[in-house]
file entry-v6.txt (compact mmCIF, C-alpha atoms)
# COMPACT_ATOMS: atom_id res chain seq x y z
CA MET I 216 22.29 27.69 5.39
CA LYS I 217 25.38 29.16 3.72
CA ARG I 218 26.67 25.61 3.21
CA THR I 219 23.44 24.64 1.46
CA LEU I 220 23.60 27.65 -0.80
CA ASP I 221 27.27 26.93 -1.53
CA LEU I 222 26.38 23.34 -2.40
CA GLN I 223 23.60 24.44 -4.70
CA SER I 224 25.83 26.90 -6.51
CA ASN I 225 28.60 24.27 -6.79
CA ILE I 226 26.45 21.65 -8.56
CA HIS I 227 28.02 20.75 -11.89
CA THR I 228 30.36 23.75 -11.80
CA LYS I 229 33.29 21.93 -10.15
CA PRO I 230 34.71 18.47 -10.95
CA LEU I 231 33.40 15.55 -8.87
CA LYS I 232 36.76 14.91 -7.17
CA LYS I 233 36.93 18.50 -5.93
CA ARG I 234 33.33 18.40 -4.75
CA ILE I 235 34.00 15.16 -2.82
CA LEU I 236 37.09 16.66 -1.16
CA GLU I 237 35.23 19.82 -0.22
CA ASN I 238 32.20 17.99 1.19
CA TRP I 239 33.91 14.77 2.36
CA ASP I 240 31.80 14.65 5.54
CA LEU I 241 28.53 14.54 3.56
CA TYR I 242 29.90 11.90 1.17
CA LEU I 243 31.02 9.87 4.21
CA LEU I 244 27.41 9.74 5.36
CA LEU I 245 26.48 8.29 1.97
CA ILE I 246 28.71 5.23 2.45
CA ILE I 247 26.22 3.32 4.65
CA PRO I 248 23.13 3.63 2.39
CA VAL I 249 25.19 2.96 -0.74
CA ALA I 250 26.78 -0.13 0.88
CA LEU I 251 23.34 -1.40 1.94
CA LEU I 252 22.02 -0.87 -1.58
CA LEU I 253 24.96 -2.68 -3.15
CA ILE I 254 24.87 -5.64 -0.74
CA PHE I 255 21.13 -6.20 -0.54
CA SER I 256 19.87 -4.92 -3.92
CA TYR I 257 22.64 -5.26 -6.52
CA TYR I 258 24.73 -8.20 -5.29
CA PRO I 259 21.71 -10.61 -5.24
CA MET I 260 21.13 -9.72 -8.91
CA PHE I 261 23.98 -12.11 -9.82
CA GLY I 262 21.50 -14.85 -8.95
CA LEU I 263 19.18 -13.68 -11.74
CA GLN I 264 21.34 -15.60 -14.22
CA ILE I 265 19.67 -18.85 -13.11
CA ALA I 266 16.67 -17.70 -15.16
CA PHE I 267 18.91 -18.48 -18.18
CA ARG I 268 20.42 -21.69 -16.74
CA LYS I 269 19.08 -25.10 -15.79
CA PHE I 270 19.83 -24.77 -12.12
CA ASN I 271 21.00 -27.75 -10.10
CA ALA I 272 21.97 -27.46 -6.46
CA SER I 273 25.15 -29.57 -6.77
CA GLY I 274 26.62 -27.35 -9.49
CA GLY I 275 25.49 -24.09 -7.87
CA ILE I 276 24.75 -20.91 -9.82
CA TRP I 277 28.04 -20.91 -11.78
CA GLY I 278 28.14 -24.69 -12.36
CA SER I 279 24.63 -25.02 -13.85
CA PRO I 280 24.42 -25.29 -17.66
CA TRP I 281 23.19 -22.35 -19.79
CA VAL I 282 19.83 -22.94 -21.50
CA GLY I 283 19.24 -19.51 -23.05
CA LEU I 284 15.58 -18.53 -23.11
CA ASP I 285 14.25 -22.08 -22.52
CA ASN I 286 12.82 -21.17 -19.10
CA PHE I 287 10.92 -18.24 -20.63
CA LYS I 288 9.59 -20.49 -23.43
CA ARG I 289 8.40 -22.91 -20.75
CA LEU I 290 6.83 -20.01 -18.86
CA PHE I 291 4.78 -18.86 -21.85
CA THR I 292 3.66 -22.36 -22.79
CA THR I 293 2.34 -23.12 -19.29
CA ASN I 294 -1.46 -23.38 -19.33
CA LYS I 295 -1.88 -21.48 -16.10
CA ILE I 296 0.20 -18.42 -16.96
CA VAL I 297 -2.54 -16.42 -18.73
CA GLN I 298 -4.93 -16.86 -15.81
CA VAL I 299 -2.17 -15.93 -13.37
CA PHE I 300 -1.41 -12.71 -15.27
CA ILE I 301 -5.09 -11.79 -15.51
CA ASN I 302 -5.49 -12.36 -11.76
CA THR I 303 -2.42 -10.26 -10.94
CA ILE I 304 -3.55 -7.37 -13.13
CA ARG I 305 -7.12 -7.59 -11.81
CA ILE I 306 -6.08 -7.45 -8.16
CA SER I 307 -3.31 -4.86 -8.51
CA GLY I 308 -5.38 -2.67 -10.84
CA TYR I 309 -8.25 -2.76 -8.36
CA GLN I 310 -5.87 -1.90 -5.52
CA ILE I 311 -4.18 0.93 -7.42
CA LEU I 312 -7.51 2.50 -8.32
CA VAL I 313 -9.27 2.18 -4.97
CA GLU I 314 -6.56 2.46 -2.29
CA PRO I 315 -5.21 5.95 -3.12
CA ILE I 316 -8.72 7.39 -3.52
CA VAL I 317 -9.85 6.03 -0.14
CA THR I 318 -6.61 7.15 1.54
CA VAL I 319 -6.76 10.68 0.11
CA THR I 320 -10.45 11.01 1.05
CA PHE I 321 -9.68 9.80 4.58
CA ALA I 322 -6.74 12.23 4.94
CA LEU I 323 -8.81 15.16 3.66
CA MET I 324 -11.70 14.30 5.97
CA LEU I 325 -9.42 13.77 8.95
CA ASN I 326 -7.79 17.12 8.29
CA ALA I 327 -11.23 18.74 8.26
CA VAL I 328 -12.31 17.35 11.66
CA PHE I 329 -13.31 20.30 13.85
CA SER I 330 -12.23 18.99 17.24
CA SER I 331 -8.47 18.49 17.48
CA ARG I 332 -8.89 15.95 20.32
CA TYR I 333 -11.24 13.80 18.22
CA LYS I 334 -8.89 14.17 15.27
CA ARG I 335 -5.94 12.88 17.31
CA LEU I 336 -8.04 9.97 18.62
CA VAL I 337 -9.12 8.88 15.12
CA GLN I 338 -5.58 9.32 13.81
CA THR I 339 -3.98 7.23 16.58
CA ILE I 340 -6.53 4.42 16.39
CA SER I 341 -6.39 4.26 12.59
CA TYR I 342 -2.61 3.56 12.80
CA MET I 343 -3.12 0.49 14.99
CA PRO I 344 -3.91 -2.16 12.30
CA HIS I 345 -0.64 -1.33 10.51
CA PHE I 346 1.27 -2.97 13.37
CA ILE I 347 -0.70 -6.21 13.20
CA SER I 348 1.16 -8.97 11.36
CA THR I 349 -0.27 -10.33 8.11
CA VAL I 350 -0.95 -13.74 9.67
CA VAL I 351 -2.95 -12.22 12.54
CA MET I 352 -4.76 -9.90 10.12
CA VAL I 353 -5.90 -12.81 7.95
CA GLY I 354 -6.90 -14.64 11.16
CA ILE I 355 -9.11 -11.68 12.17
CA LEU I 356 -10.60 -11.59 8.68
CA ARG I 357 -11.41 -15.31 8.80
CA GLN I 358 -13.02 -14.90 12.23
CA ILE I 359 -15.10 -11.88 11.25
CA LEU I 360 -16.25 -13.34 7.92
CA ASN I 361 -17.06 -16.78 9.26
CA ASN I 362 -20.57 -17.48 7.98
CA ARG I 363 -21.57 -19.48 11.08
CA ILE I 364 -20.07 -17.69 14.09
CA GLY I 365 -18.43 -14.47 12.85
CA ILE I 366 -19.65 -10.87 13.13
CA TYR I 367 -20.68 -11.17 9.48
CA ALA I 368 -22.98 -14.10 10.34
CA ILE I 369 -24.50 -12.16 13.26
CA VAL I 370 -25.16 -9.08 11.09
CA CYS I 371 -26.71 -11.23 8.32
CA GLU I 372 -28.88 -12.99 10.90
CA GLN I 373 -30.10 -9.65 12.28
CA LEU I 374 -30.93 -8.48 8.76
CA GLY I 375 -32.63 -11.74 7.91
CA ILE I 376 -30.20 -12.51 5.07
CA ASN I 377 -28.64 -15.88 4.41
CA ALA I 378 -24.88 -15.59 5.19
CA VAL I 379 -22.94 -16.86 2.19
CA ASP I 380 -19.50 -18.36 2.76
CA VAL I 381 -17.38 -15.63 1.13
CA TRP I 382 -14.21 -17.76 1.30
CA SER I 383 -15.74 -20.24 -1.11
CA LEU I 384 -16.66 -17.53 -3.64
CA PRO I 385 -13.73 -17.04 -6.05
CA GLU I 386 -15.05 -13.68 -7.32
CA ALA I 387 -15.10 -12.32 -3.74
CA PHE I 388 -11.34 -12.76 -3.36
CA PRO I 389 -10.18 -9.46 -5.01
CA HIS I 390 -12.61 -7.49 -2.82
CA LEU I 391 -11.55 -9.29 0.35
CA PHE I 392 -7.88 -8.81 -0.45
CA VAL I 393 -8.01 -5.15 -1.46
CA TRP I 394 -10.34 -3.99 1.30
CA SER I 395 -8.41 -5.85 3.98
CA ILE I 396 -5.24 -4.07 2.80
CA ILE I 397 -7.07 -0.75 2.86
CA TRP I 398 -8.33 -1.49 6.38
CA GLN I 399 -4.82 -2.32 7.56
CA ASN I 400 -2.97 0.59 5.96
CA LEU I 401 -5.50 3.40 5.73
CA GLY I 402 -4.28 5.38 8.74
CA TRP I 403 -0.62 4.71 8.10
CA ASN I 404 -0.74 5.65 4.42
CA SER I 405 -2.63 8.85 5.21
CA ILE I 406 0.31 10.17 7.30
CA ILE I 407 2.14 11.45 4.23
CA TYR I 408 -0.97 13.29 2.98
CA ILE I 409 -1.68 14.76 6.42
CA ALA I 410 1.93 15.97 6.53
CA ALA I 411 1.45 17.58 3.10
CA LEU I 412 -1.79 19.20 4.31
CA SER I 413 -0.04 20.68 7.32
CA SER I 414 2.09 22.75 4.94
CA VAL I 415 -0.94 24.75 3.71
CA GLU I 416 -0.46 28.40 4.59
CA LEU I 417 -3.06 29.70 7.05
CA GLU I 418 -3.34 32.92 5.05
CA LEU I 419 -4.92 30.93 2.23
CA TYR I 420 -7.66 29.63 4.56
CA GLU I 421 -8.21 33.09 6.03
CA ALA I 422 -8.48 34.69 2.58
CA ALA I 423 -10.91 31.99 1.45
CA GLU I 424 -12.96 32.44 4.63
CA ILE I 425 -13.16 36.20 4.07
CA ASP I 426 -14.28 35.54 0.49
CA GLY I 427 -17.12 33.43 1.93
CA ALA I 428 -15.82 29.96 1.00
CA SER I 429 -17.39 27.16 3.03
CA ARG I 430 -15.23 24.47 4.67
CA PHE I 431 -16.09 22.08 1.82
CA LYS I 432 -14.99 24.63 -0.79
CA ARG I 433 -11.74 25.19 1.14
CA LEU I 434 -11.19 21.43 1.12
CA LEU I 435 -11.86 21.27 -2.60
CA TYR I 436 -9.84 24.32 -3.73
CA ILE I 437 -7.05 24.55 -1.14
CA ASP I 438 -6.49 21.16 0.53
CA PHE I 439 -6.94 18.96 -2.52
CA PRO I 440 -4.55 20.89 -4.85
CA THR I 441 -1.97 20.89 -2.01
CA ILE I 442 -1.77 17.10 -1.86
CA LEU I 443 -1.97 16.58 -5.62
CA PRO I 444 1.85 16.52 -6.22
CA THR I 445 2.29 14.02 -3.34
CA PHE I 446 -0.56 11.95 -4.78
CA ALA I 447 1.08 11.96 -8.24
CA VAL I 448 4.48 10.80 -6.92
CA LEU I 449 2.95 8.04 -4.78
CA PHE I 450 0.73 6.95 -7.67
CA ILE I 451 3.74 6.60 -10.00
CA LEU I 452 5.56 4.53 -7.38
CA LYS I 453 2.47 2.38 -6.91
CA VAL I 454 2.11 1.76 -10.65
CA GLY I 455 5.78 0.78 -10.72
CA SER I 456 5.09 -2.04 -8.31
CA MET I 457 1.80 -2.99 -9.95
CA MET I 458 2.81 -6.58 -10.67
CA SER I 459 4.44 -7.12 -7.27
CA ILE I 460 1.59 -7.86 -4.92
CA GLY I 461 2.93 -9.26 -1.67
CA TYR I 462 2.55 -13.02 -1.75
CA GLU I 463 2.23 -13.64 2.02
CA GLN I 464 -1.28 -12.31 2.39
CA VAL I 465 -2.54 -13.88 -0.84
CA LEU I 466 -1.02 -17.22 0.15
CA LEU I 467 -2.70 -17.05 3.56
CA MET I 468 -6.06 -16.13 2.05
CA GLN I 469 -5.93 -18.79 -0.66
CA THR I 470 -8.27 -21.76 -0.49
CA PRO I 471 -8.65 -24.49 -3.14
CA LEU I 472 -12.03 -22.93 -3.96
CA ASN I 473 -10.75 -19.42 -4.74
CA LEU I 474 -7.54 -20.39 -6.59
CA MET I 475 -9.12 -19.42 -9.90
CA TYR I 476 -9.02 -15.76 -8.79
CA SER I 477 -6.28 -15.81 -6.16
CA GLU I 478 -3.33 -17.38 -7.96
CA ILE I 479 -1.05 -14.43 -8.80
CA ILE I 480 2.48 -14.21 -10.21
CA SER I 481 4.23 -14.03 -6.84
CA THR I 482 2.37 -17.02 -5.35
CA TYR I 483 2.78 -18.97 -8.57
CA SER I 484 6.57 -18.38 -8.74
CA TYR I 485 6.82 -19.22 -5.01
CA LYS I 486 5.04 -22.51 -5.57
CA ILE I 487 7.05 -23.35 -8.69
CA ALA I 488 10.39 -22.56 -7.05
CA LEU I 489 9.88 -23.76 -3.51
CA GLU I 490 6.85 -25.99 -3.18
CA GLN I 491 5.85 -28.19 -6.10
CA SER I 492 8.80 -28.98 -8.35
CA SER I 493 11.65 -26.95 -6.78
CA ASP I 494 12.21 -25.47 -10.23
CA TYR I 495 14.32 -22.48 -9.18
CA SER I 496 15.12 -21.49 -12.78
CA LEU I 497 11.48 -21.21 -13.86
CA GLY I 498 10.60 -19.40 -10.61
CA THR I 499 13.39 -16.87 -11.27
CA ALA I 500 12.31 -16.47 -14.91
CA ILE I 501 8.77 -15.62 -13.74
CA SER I 502 10.10 -13.06 -11.22
CA LEU I 503 12.47 -11.51 -13.78
CA PHE I 504 9.68 -11.16 -16.32
CA ASN I 505 7.54 -9.60 -13.59
CA SER I 506 10.27 -7.07 -12.73
CA VAL I 507 10.71 -6.09 -16.39
CA ILE I 508 6.96 -5.38 -16.65
CA ASN I 509 7.20 -3.27 -13.47
CA LEU I 510 10.09 -1.29 -14.92
CA VAL I 511 8.17 -0.58 -18.13
CA LEU I 512 5.06 0.39 -16.14
CA ILE I 513 6.92 2.85 -13.91
CA TYR I 514 8.51 4.44 -17.00
CA ILE I 515 5.11 4.82 -18.71
CA ALA I 516 3.47 6.15 -15.54
CA ASN I 517 6.23 8.71 -15.06
CA LYS I 518 5.97 9.86 -18.70
CA LEU I 519 2.18 10.16 -18.46
CA SER I 520 2.32 12.00 -15.15
CA LYS I 521 4.88 14.45 -16.55
CA LYS I 522 2.74 15.04 -19.62
CA ILE I 523 -0.53 15.50 -17.69
CA SER I 524 0.50 17.27 -14.49
CA GLY I 525 4.15 18.20 -15.04
CA ILE I 526 5.11 16.15 -11.98
CA GLY I 527 7.52 13.25 -12.39
CA LEU I 528 10.05 11.22 -10.46
CA TRP I 529 12.89 11.91 -12.89
CA MET C 213 -14.48 25.33 20.99
CA ASN C 214 -18.21 25.67 21.66
CA ASN C 215 -18.14 29.41 20.85
CA LYS C 216 -16.17 28.71 17.69
CA TYR C 217 -18.70 26.04 16.69
CA LYS C 218 -21.64 28.40 17.30
CA ASN C 219 -20.20 31.00 14.93
CA ILE C 220 -19.98 28.73 11.88
CA SER C 221 -22.60 28.57 9.13
CA VAL C 222 -25.27 25.87 8.78
CA GLU C 223 -23.53 24.54 5.65
CA ASP C 224 -20.31 24.08 7.58
CA LYS C 225 -22.17 22.50 10.50
CA ILE C 226 -23.64 19.90 8.15
CA PHE C 227 -20.20 19.33 6.65
CA TYR C 228 -18.59 18.82 10.06
CA SER C 229 -21.43 16.49 11.12
CA VAL C 230 -20.95 14.32 8.05
CA ILE C 231 -17.18 14.25 8.66
CA ASN C 232 -17.68 13.30 12.30
CA VAL C 233 -20.06 10.46 11.41
CA VAL C 234 -17.70 9.08 8.74
CA MET C 235 -14.77 9.28 11.13
CA LEU C 236 -16.80 7.53 13.84
CA LEU C 237 -17.65 4.73 11.41
CA SER C 238 -14.02 4.33 10.40
CA LEU C 239 -13.06 4.33 14.08
CA LEU C 240 -15.53 1.51 14.76
CA ALA C 241 -14.38 -0.41 11.68
CA VAL C 242 -10.87 -0.43 13.12
CA LEU C 243 -11.76 -0.90 16.77
CA ILE C 244 -14.28 -3.76 16.57
CA PRO C 245 -11.91 -6.30 14.93
CA ILE C 246 -9.07 -5.24 17.25
CA ILE C 247 -11.25 -5.63 20.34
CA GLN C 248 -12.27 -9.06 19.08
CA LEU C 249 -8.62 -9.96 18.53
CA VAL C 250 -7.62 -8.85 22.04
CA SER C 251 -10.65 -10.63 23.57
CA SER C 252 -9.81 -13.85 21.71
CA SER C 253 -6.22 -13.61 22.97
CA ILE C 254 -7.16 -13.38 26.64
CA SER C 255 -10.28 -15.54 26.55
CA GLU C 256 -11.72 -18.67 24.95
CA PRO C 257 -12.31 -17.69 21.26
CA LYS C 258 -15.55 -19.71 21.12
CA ALA C 259 -16.87 -17.75 24.12
CA VAL C 260 -15.95 -14.50 22.36
CA TYR C 261 -18.06 -15.58 19.39
CA ARG C 262 -21.00 -15.89 21.81
CA GLY C 263 -20.29 -12.38 23.11
CA LYS C 264 -18.77 -13.57 26.40
CA LEU C 265 -15.37 -13.57 28.09
CA CYS C 266 -14.18 -16.57 30.11

call {"tool": "encode", "arguments": {"input": "entry-v6.txt", "output": "structure tokens"}}
result
Amino acid sequence: MKRTLDLQSNIHTKPLKKRILENWDLYLLLIIPVALLLIFSYYPMFGLQIAFRKFNASGGIWGSPWVGLDNFKRLFTTNKIVQVFINTIRISGYQILVEPIVTVTFALMLNAVFSSRYKRLVQTISYMPHFISTVVMVGILRQILNNRIGIYAIVCEQLGINAVDVWSLPEAFPHLFVWSIIWQNLGWNSIIYIAALSSVELELYEAAEIDGASRFKRLLYIDFPTILPTFAVLFILKVGSMMSIGYEQVLLMQTPLNLMYSEIISTYSYKIALEQSSDYSLGTAISLFNSVINLVLIYIANKLSKKISGIGLW
Amino acid sequence: MNNKYKNISVEDKIFYSVINVVMLLSLLAVLIPIIQLVSSSISEPKAVYRGKLC
């Protein structure tokens, strides 16, 4: 405790060298995460230069000729690129709007469950899909939504509705993708909110109860404001990765019929770089452009959040 | 728990009932696909579609 207080009082009052010597054991612990960050996050960034070169495997990264912004010019003159951007924004925007709302609602409702045994049961079972691999998850989805033999077909038959093949409907893709992600990560993502809710002081509940507040009112005026800062931080982080939707699941869910809605930046750069033409330079240019947009978005989201709620990442 | 539950207001009872129903639905939404996955792993998937295990 004293050490913590000492550290807090020492911040920016002593030179860095002196602080390192005084707290060498803490700085020693930092070596491993910093090394990991440098090796796996910063060192690979040398490869980004192939976005400005015409990469050939025989010459390697350093031996390939510089082409300036040619790859970016090619990127913006590709016919498909506008559609790909629209698809990416549509899917990620949908996910950013719906997923946090559903997760927060689930966490609030779970926290309000009366029986602690039932609460634990729901909590444990809701974590399970998180541990299923993406391939298996898409397999389950294909089985369930099969319009001839899946659960979906059985339900439609019982209701007397004609079961439409949802995999052949391009406009159904964003819904399938977003809701399958919500299904898989709902329980897992709610952990952080449940942890935040556990920090609510019991005195607040007791005072509200004495004042005659119902459980719903307590949820609305005590629980919800408690998780708001956590929500804001997670929302900023989510906006920062808006353009980076994981390509594995989209690739697995893609069919020639839904490509019009399912081709996103990550799948497109994957196909350009590794499948169709092995054009590594164009693939890297697409990814670099994507990362720049993400950086701008996270900056804007942080600014907005700071302005609206006073909560920001930096 | 029963005594505690008896002492709460009607409004809260309705609230808890709604919560319990929603949680039950979310429980089923998670469990049904997982049960189908496990059944398909240990049995013939086509039989699982017909609601059987073999």

call {"tool": "interface_residues", "arguments": {"input": "entry-v6.txt", "of": "chain C", "to": "chain I", "cutoff": "7 Å", "atoms": "only C-alpha atoms", "output": "PyMOL selection string"}}
result
chain C and resi 224+227-228+231-232+235+239+242+245+249+261

call {"tool": "atom_distance", "arguments": {"input": "entry-v6.txt", "atom1": "CA of Trp529 (chain I)", "atom2": "CA of Met458 (chain I)"}}
result
21.2 Å

call {"tool": "closest_residue", "arguments": {"input": "entry-v6.txt", "among": "C:Val233, C:Ile226, C:Ile220, C:Ile247", "to": "Val260 (chain C)", "atoms": "only C-alpha atoms"}}
result
C:Ile247

call {"tool": "atom_distance", "arguments": {"input": "entry-v6.txt", "atom1": "CA of Leu243 (chain I)", "atom2": "CA of Leu231 (chain I)"}}
result
14.5 Å

call {"tool": "atom_distance", "arguments": {"input": "entry-v6.txt", "atom1": "CA of Ala259 (chain C)", "atom2": "CA of Asn362 (chain I)"}}
result
16.6 Å

call {"tool": "residues_around", "arguments": {"input": "entry-v6.txt", "residues": "Tyr495 (chain I)", "least_positions_apart": "3", "cutoff": "10 Å", "atoms": "all atoms listed in the file", "output": "count of residues only"}}
result
18

call {"tool": "residues_near_point", "arguments": {"input": "entry-v6.txt", "point": "(-3.3, -0.3, -9.2)", "cutoff": "7 Å", "atoms": "all atoms listed in the file", "output": "list of chain:residue names"}}
result
I:Ser307, I:Gly308, I:Tyr309, I:Gln310, I:Ile311, I:Leu312, I:Lys453, I:Val454, I:Met457

call {"tool": "closest_residue", "arguments": {"input": "entry-v6.txt", "among": "I:Asn509, I:Thr320, I:Ser477, I:Thr470", "to": "Arg305 (chain I)", "atoms": "only C-alpha atoms"}}
result
I:Ser477

call {"tool": "closest_residue", "arguments": {"input": "entry-v6.txt", "among": "I:Arg433, I:His345, I:Arg289, I:Arg335", "to": "Ser395 (chain I)", "atoms": "all atoms listed in the file"}}
result
I:His345
